[in-house]
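See structure below.
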Amino acid sequence: MWDSRYGGAGWKSKSLSEYLYERGAPLLKGSYSEPVGRDLFRATAELARLAGWTAFDAGQQHAAQRHFIQALRLARAGGDAELGSYVLSTMAMQALMCGFTSEAIDMAQGAFQRDRRLEPRVAGFAKLIEARAHARAKDPAAASSCLAHAERLQERGADGAGPAWIGFFTQSRIITDAAEVFRDLENPRATFAWHTMGGMPGSEFIRSRAVRLSVLASAHAQNGDLGQSLHMGRQSLEIFTRLGSVRGMDYLQVYSRSLARWRREPQVRNFMADVGTARRALTT
């Protein structure tokens, strides 16, 4: 909840790694029954995944990878195939955001096929990430197919009987990612249609709100509306800067490409300069 509201660069998010290795990991060397051991490995795997996710948001890619790999090992030691699938889907998202689209597709497919008995929402999340990767690869048929599959799986698991950590995977999450899928496919009409299906994420998901704003800013640019595009782009920049989200700067870099036809406009040049200043401040 802290990560969703304040981002991975906040002091509490940064303290995750310290807690993981100084408080959590030493417990694994103790003595315990097999059931307690499984629960302990699973809990530590969840913590390692979250530490990786916050490092990813803060732009610490190598640290994020180390945490994710550790989370995979811990989930395997705990005999939790569903948690392992979730970690692999998260790794696919990191690969996607770093520009490794084909690797992201492979990882998402691997997460889906990891265990055919996966809880529907766990499998659905893997399909959603695969949809996003296909969209970045400019494959509308594959992206739409995976998105529809993710929707069906989310509906099947809507009773909430699965693990608590997959509770975020609701129709609202699908709407947010679907808007991004069609932004990447340069289909602004579909992006706006998905956006109208659900409200803008609230203060408890402030980073997701900034992501949605950047996606809508791109769609408005694709639709030729520079004024509305920059208005939303600046709102997104303000939030990402306040959160210290390096990953947010990556979203703004994607958005900036949609402004190419107006690159000589003073307001666009000013915005691009402000994005560059914010990125340098967060990465130095």
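Identifiers for the structure tokens are assigned positionally: chains receive A, B, ... in sequence, residues are indexed from 1 per chain, and ligands are indexed from 1 in the order shown.
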
All helix (DSSP H, G or I) residues (DSSP, backbone) inside region 33-273 of chain A, as a PyMOL selection string: chain A and resi 34-57+61-77+81-97+101-113+120-136+140-156+164-166+171-184+188-195+203-222+226-243+246-257+260-262+266-273

Neighbouring residues of region 106-117 of chain A were defined as those with any atom within 7 Å, considering only C-alpha atoms; residues of the same chain fewer than 3 positions away were excluded. Please report them as a PyMOL selection string. chain A and resi 81+85+88-89+92+102-103+123+126-127+129-130

Same residues, all heavy atoms, saved as a PDB file, in the first residue's frame:
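File written: result03.pdb
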ATOM      1  N   ALA A  81       3.908 -22.547  -6.639  1.00  0.00           N
ATOM      2  CA  ALA A  81       3.994 -22.305  -8.083  1.00  0.00           C
ATOM      3  C   ALA A  81       3.283 -21.019  -8.474  1.00  0.00           C
ATOM      4  O   ALA A  81       3.706 -20.328  -9.411  1.00  0.00           O
ATOM      5  CB  ALA A  81       3.385 -23.485  -8.846  1.00  0.00           C
ATOM      6  N   SER A  85       4.922 -17.896 -10.429  1.00  0.00           N
ATOM      7  CA  SER A  85       4.358 -17.354 -11.671  1.00  0.00           C
ATOM      8  C   SER A  85       4.213 -15.834 -11.579  1.00  0.00           C
ATOM      9  O   SER A  85       4.547 -15.110 -12.526  1.00  0.00           O
ATOM     10  CB  SER A  85       2.993 -17.986 -11.944  1.00  0.00           C
ATOM     11  OG  SER A  85       2.356 -17.353 -13.032  1.00  0.00           O
ATOM     12  N   LEU A  88       7.554 -14.166 -11.915  1.00  0.00           N
ATOM     13  CA  LEU A  88       8.013 -14.207 -13.305  1.00  0.00           C
ATOM     14  C   LEU A  88       7.253 -13.188 -14.160  1.00  0.00           C
ATOM     15  O   LEU A  88       7.836 -12.554 -15.047  1.00  0.00           O
ATOM     16  CB  LEU A  88       7.838 -15.619 -13.867  1.00  0.00           C
ATOM     17  CG  LEU A  88       8.564 -15.935 -15.177  1.00  0.00           C
ATOM     18  CD1 LEU A  88      10.050 -15.630 -15.085  1.00  0.00           C
ATOM     19  CD2 LEU A  88       8.352 -17.405 -15.561  1.00  0.00           C
ATOM     20  N   SER A  89       5.962 -12.999 -13.894  1.00  0.00           N
ATOM     21  CA  SER A  89       5.192 -11.970 -14.607  1.00  0.00           C
ATOM     22  C   SER A  89       5.742 -10.581 -14.304  1.00  0.00           C
ATOM     23  O   SER A  89       5.813  -9.713 -15.186  1.00  0.00           O
ATOM     24  CB  SER A  89       3.712 -12.041 -14.210  1.00  0.00           C
ATOM     25  OG  SER A  89       3.115 -13.239 -14.646  1.00  0.00           O
ATOM     26  N   ALA A  92       8.765 -10.087 -16.255  1.00  0.00           N
ATOM     27  CA  ALA A  92       8.399  -9.806 -17.651  1.00  0.00           C
ATOM     28  C   ALA A  92       8.078  -8.323 -17.819  1.00  0.00           C
ATOM     29  O   ALA A  92       8.443  -7.703 -18.821  1.00  0.00           O
ATOM     30  CB  ALA A  92       7.209 -10.663 -18.063  1.00  0.00           C
ATOM     31  N   SER A 102      10.727  -9.063 -26.775  1.00  0.00           N
ATOM     32  CA  SER A 102      10.616 -10.494 -27.030  1.00  0.00           C
ATOM     33  C   SER A 102      10.871 -11.294 -25.766  1.00  0.00           C
ATOM     34  O   SER A 102      10.208 -12.311 -25.509  1.00  0.00           O
ATOM     35  CB  SER A 102      11.573 -10.920 -28.148  1.00  0.00           C
ATOM     36  OG  SER A 102      12.928 -10.648 -27.791  1.00  0.00           O
ATOM     37  N   GLU A 103      11.829 -10.833 -24.940  1.00  0.00           N
ATOM     38  CA  GLU A 103      12.098 -11.508 -23.666  1.00  0.00           C
ATOM     39  C   GLU A 103      10.893 -11.405 -22.742  1.00  0.00           C
ATOM     40  O   GLU A 103      10.562 -12.364 -22.024  1.00  0.00           O
ATOM     41  CB  GLU A 103      13.324 -10.908 -22.988  1.00  0.00           C
ATOM     42  CG  GLU A 103      14.639 -11.225 -23.671  1.00  0.00           C
ATOM     43  CD  GLU A 103      14.983 -10.244 -24.783  1.00  0.00           C
ATOM     44  OE1 GLU A 103      14.087  -9.480 -25.210  1.00  0.00           O
ATOM     45  OE2 GLU A 103      16.145 -10.247 -25.245  1.00  0.00           O
ATOM     46  N   ALA A 123      -2.964 -16.494 -13.411  1.00  0.00           N
ATOM     47  CA  ALA A 123      -2.775 -16.762 -14.843  1.00  0.00           C
ATOM     48  C   ALA A 123      -3.193 -15.557 -15.671  1.00  0.00           C
ATOM     49  O   ALA A 123      -2.559 -15.223 -16.687  1.00  0.00           O
ATOM     50  CB  ALA A 123      -3.574 -17.997 -15.244  1.00  0.00           C
ATOM     51  N   ALA A 126      -0.527 -12.860 -15.892  1.00  0.00           N
ATOM     52  CA  ALA A 126       0.513 -13.219 -16.862  1.00  0.00           C
ATOM     53  C   ALA A 126       0.054 -12.888 -18.281  1.00  0.00           C
ATOM     54  O   ALA A 126       0.825 -12.367 -19.095  1.00  0.00           O
ATOM     55  CB  ALA A 126       0.856 -14.703 -16.738  1.00  0.00           C
ATOM     56  N   LYS A 127      -1.203 -13.193 -18.577  1.00  0.00           N
ATOM     57  CA  LYS A 127      -1.739 -12.900 -19.911  1.00  0.00           C
ATOM     58  C   LYS A 127      -1.835 -11.396 -20.155  1.00  0.00           C
ATOM     59  O   LYS A 127      -1.642 -10.919 -21.285  1.00  0.00           O
ATOM     60  CB  LYS A 127      -3.120 -13.548 -20.082  1.00  0.00           C
ATOM     61  CG  LYS A 127      -3.052 -14.992 -20.501  1.00  0.00           C
ATOM     62  CD  LYS A 127      -2.434 -15.114 -21.887  1.00  0.00           C
ATOM     63  CE  LYS A 127      -2.018 -16.532 -22.226  1.00  0.00           C
ATOM     64  NZ  LYS A 127      -1.288 -16.592 -23.500  1.00  0.00           N
ATOM     65  N   ILE A 129       0.200  -9.079 -18.938  1.00  0.00           N
ATOM     66  CA  ILE A 129       1.547  -8.592 -19.248  1.00  0.00           C
ATOM     67  C   ILE A 129       1.958  -9.024 -20.654  1.00  0.00           C
ATOM     68  O   ILE A 129       2.599  -8.274 -21.381  1.00  0.00           O
ATOM     69  CB  ILE A 129       2.555  -9.096 -18.204  1.00  0.00           C
ATOM     70  CG1 ILE A 129       2.143  -8.656 -16.801  1.00  0.00           C
ATOM     71  CG2 ILE A 129       3.958  -8.588 -18.540  1.00  0.00           C
ATOM     72  CD1 ILE A 129       1.898  -7.162 -16.662  1.00  0.00           C
ATOM     73  N   GLU A 130       1.569 -10.230 -21.047  1.00  0.00           N
ATOM     74  CA  GLU A 130       1.860 -10.664 -22.416  1.00  0.00           C
ATOM     75  C   GLU A 130       1.157  -9.766 -23.428  1.00  0.00           C
ATOM     76  O   GLU A 130       1.732  -9.414 -24.472  1.00  0.00           O
ATOM     77  CB  GLU A 130       1.440 -12.122 -22.625  1.00  0.00           C
ATOM     78  CG  GLU A 130       1.845 -12.651 -23.987  1.00  0.00           C
ATOM     79  CD  GLU A 130       1.381 -14.081 -24.266  1.00  0.00           C
ATOM     80  OE1 GLU A 130       0.901 -14.748 -23.327  1.00  0.00           O
ATOM     81  OE2 GLU A 130       1.487 -14.513 -25.436  1.00  0.00           O
TER      82      GLU A 130
END

Name all residues at most 12 Å from Thr176 (chain A) (count only C-alpha atoms; drop same-chain ones fewer than 4 positions away) and give them as a ChimeraX atom specification. /A:128-129,132,147,168-172,180-183,191-201,205,207-216

Find the residues around Gly124 (chain A) up to 10 Å (only C-alpha atoms counted), leave out those fewer than 4 positions away in its own chain, and share them as number ranges by chain. A: 112, 118-120, 128-130, 146-157, 169, 174

Output of the above residues as a compact mmCIF listing (two decimals), in the first residue's frame, restricted to N, CA and C atoms:
# COMPACT_ATOMS: atom_id res chain seq x y z
N PHE A 112 2.60 -18.05 -17.46
CA PHE A 112 1.27 -18.62 -17.68
C PHE A 112 1.31 -20.14 -17.71
N LEU A 118 -2.92 -23.03 -12.05
CA LEU A 118 -2.80 -21.70 -11.46
C LEU A 118 -4.18 -21.12 -11.15
N GLU A 119 -4.26 -20.37 -10.06
CA GLU A 119 -5.46 -19.61 -9.74
C GLU A 119 -5.75 -18.68 -10.91
N PRO A 120 -7.02 -18.52 -11.33
CA PRO A 120 -7.32 -17.78 -12.56
C PRO A 120 -6.72 -16.39 -12.62
N LEU A 128 -2.13 -10.63 -19.10
CA LEU A 128 -2.21 -9.19 -19.26
C LEU A 128 -0.84 -8.60 -19.61
N ILE A 129 0.20 -9.08 -18.94
CA ILE A 129 1.55 -8.59 -19.25
C ILE A 129 1.96 -9.02 -20.65
N GLU A 130 1.57 -10.23 -21.05
CA GLU A 130 1.86 -10.66 -22.42
C GLU A 130 1.16 -9.77 -23.43
N CYS A 146 -4.69 -11.88 -26.07
CA CYS A 146 -4.21 -12.03 -24.68
C CYS A 146 -5.02 -11.18 -23.72
N LEU A 147 -5.41 -9.99 -24.15
CA LEU A 147 -6.20 -9.11 -23.30
C LEU A 147 -7.56 -9.74 -23.00
N ALA A 148 -8.20 -10.29 -24.03
CA ALA A 148 -9.49 -10.94 -23.84
C ALA A 148 -9.36 -12.15 -22.92
N HIS A 149 -8.27 -12.90 -23.07
CA HIS A 149 -8.01 -14.06 -22.21
C HIS A 149 -7.84 -13.62 -20.76
N ALA A 150 -7.10 -12.52 -20.56
CA ALA A 150 -6.89 -11.99 -19.20
C ALA A 150 -8.22 -11.59 -18.57
N GLU A 151 -9.09 -10.97 -19.35
CA GLU A 151 -10.41 -10.58 -18.84
C GLU A 151 -11.21 -11.79 -18.37
N ARG A 152 -11.21 -12.83 -19.18
CA ARG A 152 -11.99 -14.04 -18.83
C ARG A 152 -11.45 -14.67 -17.54
N LEU A 153 -10.14 -14.70 -17.42
CA LEU A 153 -9.53 -15.30 -16.23
C LEU A 153 -9.81 -14.45 -14.99
N GLN A 154 -9.79 -13.13 -15.14
CA GLN A 154 -10.09 -12.26 -14.02
C GLN A 154 -11.53 -12.47 -13.54
N GLU A 155 -12.43 -12.61 -14.47
CA GLU A 155 -13.84 -12.84 -14.11
C GLU A 155 -14.01 -14.18 -13.39
N ARG A 156 -13.27 -15.20 -13.84
CA ARG A 156 -13.35 -16.51 -13.18
C ARG A 156 -12.86 -16.45 -11.74
N GLY A 157 -11.89 -15.60 -11.48
CA GLY A 157 -11.33 -15.52 -10.13
C GLY A 157 -11.89 -14.38 -9.30
N PHE A 169 -5.59 -7.54 -8.79
CA PHE A 169 -5.92 -7.83 -10.18
C PHE A 169 -7.44 -7.85 -10.36
N ILE A 174 -7.27 -4.14 -15.24
CA ILE A 174 -7.33 -4.48 -16.66
C ILE A 174 -7.60 -3.24 -17.49

Residues within 9 Å of Ile166 (chain A), please, as a CSV table (one decimal) with N, CA, C and O atoms, in the first residue's frame. Count only C-alpha atoms; anything in the same chain fewer than 4 positions from it doesn't count.
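The result, written out as selection.csv:
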chain,number,residue,atom,x,y,z
A,86,TYR,N,3.7,-15.4,-10.4
A,86,TYR,CA,3.6,-13.9,-10.2
A,86,TYR,C,4.9,-13.2,-10.3
A,86,TYR,O,5.0,-12.1,-10.9
A,121,ARG,N,-6.8,-15.7,-11.5
A,121,ARG,CA,-6.2,-14.3,-11.6
A,121,ARG,C,-4.7,-14.3,-11.7
A,121,ARG,O,-4.2,-13.3,-12.4
A,122,VAL,N,-4.0,-15.2,-11.2
A,122,VAL,CA,-2.6,-15.3,-11.3
A,122,VAL,C,-2.2,-15.6,-12.8
A,122,VAL,O,-1.4,-14.9,-13.4
A,125,PHE,N,-3.1,-12.4,-14.9
A,125,PHE,CA,-2.1,-11.3,-14.8
A,125,PHE,C,-0.9,-11.6,-15.8
A,125,PHE,O,-0.4,-10.7,-16.5
A,160,GLY,N,-12.5,-13.9,-5.3
A,160,GLY,CA,-11.5,-13.6,-4.3
A,160,GLY,C,-11.0,-14.7,-3.5
A,160,GLY,O,-10.4,-14.5,-2.4
A,162,GLY,N,-8.5,-16.7,-4.2
A,162,GLY,CA,-7.1,-16.9,-4.3
A,162,GLY,C,-6.2,-16.2,-3.3
A,162,GLY,O,-6.7,-15.7,-2.3
A,170,THR,N,-8.0,-6.7,-10.6
A,170,THR,CA,-9.4,-6.5,-10.7
A,170,THR,C,-9.7,-5.9,-12.1
A,170,THR,O,-8.8,-5.7,-12.9

Taking only C-alpha atoms into account, which of A:Asp57, A:Glu18, A:Asp80, A:Asp184 comes nearest Gly37 (chain A)?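 Using only C-alpha atoms, Gly37 (chain A) sits closest to A:Asp80.
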
When you count only C-alpha atoms, which of these residues is closest to Ala278 (chain A): A:Ala71, A:Met249, A:Met91, A:Leu259?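 Of all the options, A:Met249 lies closest to Ala278 (chain A).
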
Tell me which protein, DNA and RNA residues are within 12 Å of His220 (chain A), counting only C-alpha atoms, leaving out same-chain ones fewer than 2 positions away, and put them as an MDAnalysis selection string. chainID A and resid 183 186:192 213:218 222:233 255 258:259

Work out how far apart CA of Ser33 (chain A) and CA of Arg76 (chain A) are and give it in Å to one decimal. 17.2 Å

Nearest candidate to Ala260 (chain A) (options A:Met272, A:Ala135, A:Leu28, A:Ala77; using only C-alpha atoms):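 Residue with the minimum atom-to-atom distance to Ala260 (chain A): A:Met272.
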
For Ala131 (chain A), which residue out of A:Ala178, A:Cys98, A:Ala164, A:Ala64 is the nearest one, using only C-alpha atoms?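 Checking each candidate against Ala131 (chain A), we get A:Ala178 as the closest.
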
Please provide as a ChimeraX atom specification all residues within 12 Å of Gln60 (chain A), with the sequence filter that same-chain residues fewer than 2 positions apart are discarded (counting only C-alpha atoms). /A:8-9,14,51-58,62-67,94,98,245-247,282-283
